[in-house]
Amino acid sequence: MEKLSNLLARYHKEHKALPSYNFNDVWDLKALANGVILKTNQPLLVMTYKNVVDELGLNTCVAMVKARAKDYDQPLYLHLDHCDDMDRCLKAVDVGYDSVMYDGSHLSLEENIANTKKVAEYAHKKGVVVEAEIGRIRGRGFDKNADFLAQVDDVKQLAEQSNADIIAVGVGTAHGFYEGTPEINFERLEDIYKAVKTPLVLHGGTGISAEDLRKTLDYGIVKINVGTAFHTAYMQGLGEFIKEDGISAYPPVTVSKAMEKVTELATEYAKMMAK
């Protein structure tokens, strides 16, 4: 299997992006992997958000992905998403994650750099990729009226001083569903791309048009995150099929029905990201 760090470096040169999807359990893990790897023959990076790790634990998440990965010819990588706990990042490295995100975007630039550097120094000894974040991705309680765009000089300092392999930049996207039409600030993204050599990450992919997703590839984006679309399809579909199956509802049958939409969406987003 190609090392994740090598794949990301190659994608940066080739102007490609790795589909990166949040999963919650064995059901949607399978649905997402089938939708991308089986349907489009692309590698996939699956991600665990804080709530999932809190409930399942790091070891269980690793075990699920490693077991599922054996069923595919293309790589299935595992990433720790939006973690502001340095100790948890280091533990994820130890138990077998391919990539960890230390999210210091809420800190001062100096603290963000210092903490990210510590995580990177530890992770790189074991060949694990480190993602940093600068600027703010709107949503999840973030004040929509606050300044959210990543500043070019800040990104440059983070890239040069933290040793992060990839950097998530705030350029107008948001977590969750958008109010109105999503607007990526391509001017800011282009300025950042020209200022740093580090590959970039786009968060908040749900609801972004195929045209805009593909356009970001011209400006250094190598990883595009999507989560809300999938867990919403999961929950809405599951509720529908539980009612439909009634007293006969049975997890392997009923949940599998809900996963059909998740697989479909996984394929759709992967195709939207591909030029």
# chains A, B, ... in the order shown; residues from 1 in each chain; ligands from 1
>>> closest_atom_pairs(of="stretch 156-175 of chain A", to="stretch 93-117 of chain A", cutoff="7 Å", atoms="only C-alpha atoms", output="Markdown table")
| residue | atom | partner | partner_atom | distance |
| --- | --- | --- | --- | --- |
| A:Leu158 | CA | A:Ile113 | CA | 5.7 |
| A:Gln161 | CA | A:Ile113 | CA | 6.6 |
| A:Ser162 | CA | A:Lys117 | CA | 4.3 |
| A:Asn163 | CA | A:Lys117 | CA | 5.9 |
| A:Ala164 | CA | A:Thr116 | CA | 6.9 |
>>> select_by_dssp(residues="stretch 16-225 of chain A", states="strand (DSSP E or B)", output="PyMOL selection string")
chain A and resi 18-22+44-48+76-83+99-102+129-134+138-139+142+166-169+174+200-202+221-225
>>> closest_residue(among="A:Cys83, A:Val152, A:Ala258, A:Leu8", to="A:Glu244", atoms="only C-alpha atoms")
A:Ala258
>>> closest_residue(among="A:Gly220, A:Asn41, A:Ala17, A:Ala92", to="A:Asn59", atoms="only C-alpha atoms")
A:Ala92
>>> residues_around(residues="A:Glu211", least_positions_apart="3", cutoff="12 Å", atoms="only C-alpha atoms", output="PyMOL selection string")
chain A and resi 184+207-208+214-218+269+271-275
>>> write_last_selection(atoms="C-alpha atoms", output="PDB file, in the first residue's frame")
ATOM      1  CA  ILE A 184     -15.288  29.745  -1.391  1.00  0.00           C
ATOM      2  CA  GLY A 207     -23.073  21.175  -0.388  1.00  0.00           C
ATOM      3  CA  ILE A 208     -20.165  22.527  -2.444  1.00  0.00           C
ATOM      4  CA  ARG A 214     -12.635  20.706  -8.815  1.00  0.00           C
ATOM      5  CA  LYS A 215     -11.495  24.308  -8.999  1.00  0.00           C
ATOM      6  CA  THR A 216      -9.868  24.019  -5.559  1.00  0.00           C
ATOM      7  CA  LEU A 217      -7.541  21.356  -6.998  1.00  0.00           C
ATOM      8  CA  ASP A 218      -5.825  24.068  -9.029  1.00  0.00           C
ATOM      9  CA  TYR A 269     -18.860  13.117  -4.041  1.00  0.00           C
ATOM     10  CA  LYS A 271     -16.757  11.776  -8.812  1.00  0.00           C
ATOM     11  CA  MET A 272     -17.366  15.455  -8.051  1.00  0.00           C
ATOM     12  CA  MET A 273     -13.800  15.769  -6.768  1.00  0.00           C
ATOM     13  CA  ALA A 274     -12.195  14.044  -9.760  1.00  0.00           C
ATOM     14  CA  LYS A 275     -11.154  16.056 -12.818  1.00  0.00           C
TER      15      LYS A 275
END
>>> closest_residue(among="A:Gly237, A:Gly57, A:Gly205, A:Pro43", to="A:Asn22", atoms="only C-alpha atoms")
A:Gly205
>>> closest_residue(among="A:Lys50, A:Lys70, A:Lys30, A:Lys91", to="A:Met259", atoms="only C-alpha atoms")
A:Lys30
